[in-house]
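Since the structure comes first, as structure tokens, the remarks are kept for the end.
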Amino acid sequence: MSQDLETQEPIYQRIYATVCQIPSGRVATYGQVARITGGCTARMVGYALAALKEGMDVPWQRVINFKGKISPHGLGYGSALQRQLLIDEGILFDEKERIDLEKFSYFFD
DNA sequence: CGGCTGACTCTGG
DNA sequence: TCCAGAGCCAGCC
């Protein structure tokens, strides 16, 4: 019913809205965001975030891959920033720079 | 309208 | 645990 209104907007816009639902101190995988957003796949989420602009208030740093690690995009400088932002929010990394999805994933399967 | 690109996920070895 | 390949689809030129 009200779903029709959301369907009119670009898929990227809906993905951003889902990411904004993730509270501080929690993370989510691309697959979870894709499934919750609906009508899109994990890749769409990643590509949507890649198209993000500085003027958007989207906590893109809280989105990671299903392995619990940060995807090495661009030259890699963004990954270091993302890791630092997550630590600043209280997310803990293990020695392999991986996050415990069982503890920090906001959406659970 | 056709082709290229890309922050993913899963299976097998 | 790490590496490689295949499947997948919305934007943009």
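We name chains A, B, ... following the order of the structure tokens; residues begin at 1 in each chain, and ligands are numbered from 1 as shown.
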Taking the backbone alone, and naming residues the way the document does, which bits of chain A are alpha helix (DSSP H) by DSSP, as an MDAnalysis selection string?
-> chainID A and resid 3:7 11:20 30:37 42:50 77:89 101:104
With only C-alpha atoms (C1' of nucleotides) considered, list every residue of chain A at most 12 Å from chain B, as a compact mmCIF listing (two decimals) with N, CA and C atoms, in the first residue's frame.
# COMPACT_ATOMS: atom_id res chain seq x y z
N THR A 29 25.60 -5.49 7.35
CA THR A 29 26.27 -5.93 6.13
C THR A 29 25.48 -5.44 4.92
N TYR A 30 26.13 -5.42 3.79
CA TYR A 30 25.47 -4.98 2.56
C TYR A 30 24.25 -5.88 2.29
N GLY A 31 24.40 -7.15 2.54
CA GLY A 31 23.31 -8.09 2.29
C GLY A 31 22.10 -7.81 3.17
N GLN A 32 22.34 -7.49 4.43
CA GLN A 32 21.24 -7.18 5.35
C GLN A 32 20.53 -5.92 4.88
N VAL A 33 21.28 -4.88 4.59
CA VAL A 33 20.68 -3.63 4.13
C VAL A 33 19.87 -3.85 2.86
N ALA A 34 20.42 -4.65 1.96
CA ALA A 34 19.73 -4.93 0.70
C ALA A 34 18.41 -5.64 0.97
N CYS A 40 16.45 -4.75 -4.03
CA CYS A 40 17.83 -4.52 -4.46
C CYS A 40 18.73 -5.62 -3.92
N THR A 41 19.93 -5.72 -4.47
CA THR A 41 20.87 -6.76 -4.05
C THR A 41 22.01 -6.13 -3.27
N ALA A 42 22.87 -6.96 -2.73
CA ALA A 42 23.98 -6.47 -1.93
C ALA A 42 24.87 -5.53 -2.75
N ARG A 43 25.06 -5.86 -4.00
CA ARG A 43 25.89 -5.01 -4.86
C ARG A 43 25.30 -3.63 -5.00
N MET A 44 23.99 -3.56 -5.14
CA MET A 44 23.34 -2.26 -5.28
C MET A 44 23.67 -1.37 -4.09
N VAL A 45 23.70 -1.96 -2.91
CA VAL A 45 24.00 -1.18 -1.70
C VAL A 45 25.42 -0.63 -1.78
N GLY A 46 26.34 -1.47 -2.17
CA GLY A 46 27.73 -1.03 -2.28
C GLY A 46 27.89 0.06 -3.32
N TYR A 47 27.23 -0.13 -4.44
CA TYR A 47 27.35 0.87 -5.50
C TYR A 47 26.66 2.16 -5.11
N ALA A 48 25.59 2.02 -4.36
CA ALA A 48 24.86 3.21 -3.90
C ALA A 48 25.75 4.03 -2.98
N LEU A 49 26.42 3.38 -2.08
CA LEU A 49 27.30 4.09 -1.15
C LEU A 49 28.48 4.70 -1.90
N ALA A 50 28.90 4.06 -2.96
CA ALA A 50 30.02 4.58 -3.75
C ALA A 50 29.62 5.88 -4.42
N ALA A 51 28.32 6.06 -4.61
CA ALA A 51 27.83 7.27 -5.27
C ALA A 51 27.47 8.34 -4.26
N LEU A 52 27.71 8.05 -2.99
CA LEU A 52 27.38 9.02 -1.94
C LEU A 52 28.17 10.32 -2.10
N TRP A 60 27.55 5.85 6.22
CA TRP A 60 28.06 4.79 5.33
C TRP A 60 29.13 3.95 6.02
N GLN A 61 29.81 4.50 7.01
CA GLN A 61 30.87 3.75 7.68
C GLN A 61 30.33 2.56 8.44
N ARG A 62 29.02 2.57 8.75
CA ARG A 62 28.44 1.46 9.51
C ARG A 62 28.09 0.29 8.62
N VAL A 63 28.31 0.40 7.35
CA VAL A 63 27.99 -0.69 6.43
C VAL A 63 29.28 -1.41 6.01
N ILE A 64 29.33 -2.71 6.28
CA ILE A 64 30.51 -3.51 5.96
C ILE A 64 30.10 -4.77 5.22
N ASN A 65 31.05 -5.55 4.77
CA ASN A 65 30.70 -6.76 4.04
C ASN A 65 30.40 -7.92 4.98
N PHE A 66 29.85 -9.00 4.45
CA PHE A 66 29.38 -10.12 5.27
C PHE A 66 30.50 -10.81 6.03
N LYS A 67 31.75 -10.56 5.66
CA LYS A 67 32.89 -11.15 6.36
C LYS A 67 33.21 -10.39 7.64
N LYS A 69 34.42 -7.39 7.56
CA LYS A 69 35.57 -6.52 7.29
C LYS A 69 35.15 -5.35 6.39
N ILE A 70 36.03 -4.37 6.31
CA ILE A 70 35.76 -3.20 5.48
C ILE A 70 36.26 -3.48 4.07
N SER A 71 35.42 -3.18 3.10
CA SER A 71 35.81 -3.42 1.71
C SER A 71 36.86 -2.41 1.26
N PRO A 72 37.94 -2.85 0.65
CA PRO A 72 39.03 -1.99 0.20
C PRO A 72 38.65 -1.25 -1.07
N HIS A 73 37.98 -0.14 -0.91
CA HIS A 73 37.56 0.63 -2.08
C HIS A 73 38.55 1.75 -2.37
N GLY A 74 38.45 2.29 -3.57
CA GLY A 74 39.34 3.39 -3.94
C GLY A 74 40.80 3.03 -3.74
N LEU A 75 41.58 3.96 -3.27
CA LEU A 75 43.00 3.71 -3.05
C LEU A 75 43.24 3.09 -1.68
N GLY A 76 42.18 3.00 -0.87
CA GLY A 76 42.33 2.40 0.44
C GLY A 76 42.30 3.40 1.58
N GLY A 78 40.01 5.47 2.25
CA GLY A 78 38.65 5.52 2.80
C GLY A 78 38.44 4.42 3.83
N SER A 79 39.07 3.27 3.61
CA SER A 79 38.92 2.16 4.54
C SER A 79 39.51 2.51 5.90
N GLN A 82 37.10 4.80 7.62
CA GLN A 82 35.92 4.06 8.05
C GLN A 82 36.22 3.28 9.33
Would you return as a PyMOL selection string the members of chain A that DSSP assigns to strand (DSSP E or B) on this structure's backbone?
-> chain A and resi 27-29+63-64+93+99+105
Which chain C residues have any atom within 10 Å of an atom of chain A, and for each, what is the nearest pair of atoms with distance in Å to one decimal, counting only C-alpha atoms (C1' of nucleotides), rows sorted by chain and number, as JSON lines?
{"residue": "C:DC8", "atom": "C1'", "partner": "A:Thr41", "partner_atom": "CA", "distance": 7.6}
{"residue": "C:DC9", "atom": "C1'", "partner": "A:Met44", "partner_atom": "CA", "distance": 7.1}
{"residue": "C:DA10", "atom": "C1'", "partner": "A:Met44", "partner_atom": "CA", "distance": 6.7}
{"residue": "C:DG11", "atom": "C1'", "partner": "A:Tyr47", "partner_atom": "CA", "distance": 9.2}
Filtering to C-alpha atoms (C1' of nucleotides), could you give me those residues as an mmCIF file, in the first residue's frame?
data_model
loop_
_atom_site.group_PDB
_atom_site.id
_atom_site.type_symbol
_atom_site.label_atom_id
_atom_site.label_comp_id
_atom_site.auth_asym_id
_atom_site.auth_seq_id
_atom_site.Cartn_x
_atom_site.Cartn_y
_atom_site.Cartn_z
ATOM 1 C "C1'" DC C 8 23.767 -10.284 -10.179
ATOM 2 C "C1'" DC C 9 21.393 -5.360 -11.348
ATOM 3 C "C1'" DA C 10 20.769 -0.205 -11.148
ATOM 4 C "C1'" DG C 11 23.007 4.113 -12.956
#
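Atom CA of Thr37 of chain A is found 22.6 Å from atom C1' of DC12 of chain C.
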What is the distance between atom CA of Phe107 of chain A and atom CA of Thr18 of chain A, in Å to one decimal?
-> 10.9 Å
Would you mind listing what lies within 10 Å of Asp88 of chain A as a PyMOL selection string, with only C-alpha atoms (C1' of nucleotides) counted and same-chain residues fewer than 4 positions away left out?
-> chain A and resi 24-25+82-84+92
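The spacing separating atom CA of Val58 of chain A from atom CA of Lys96 of chain A amounts to 26.4 Å.
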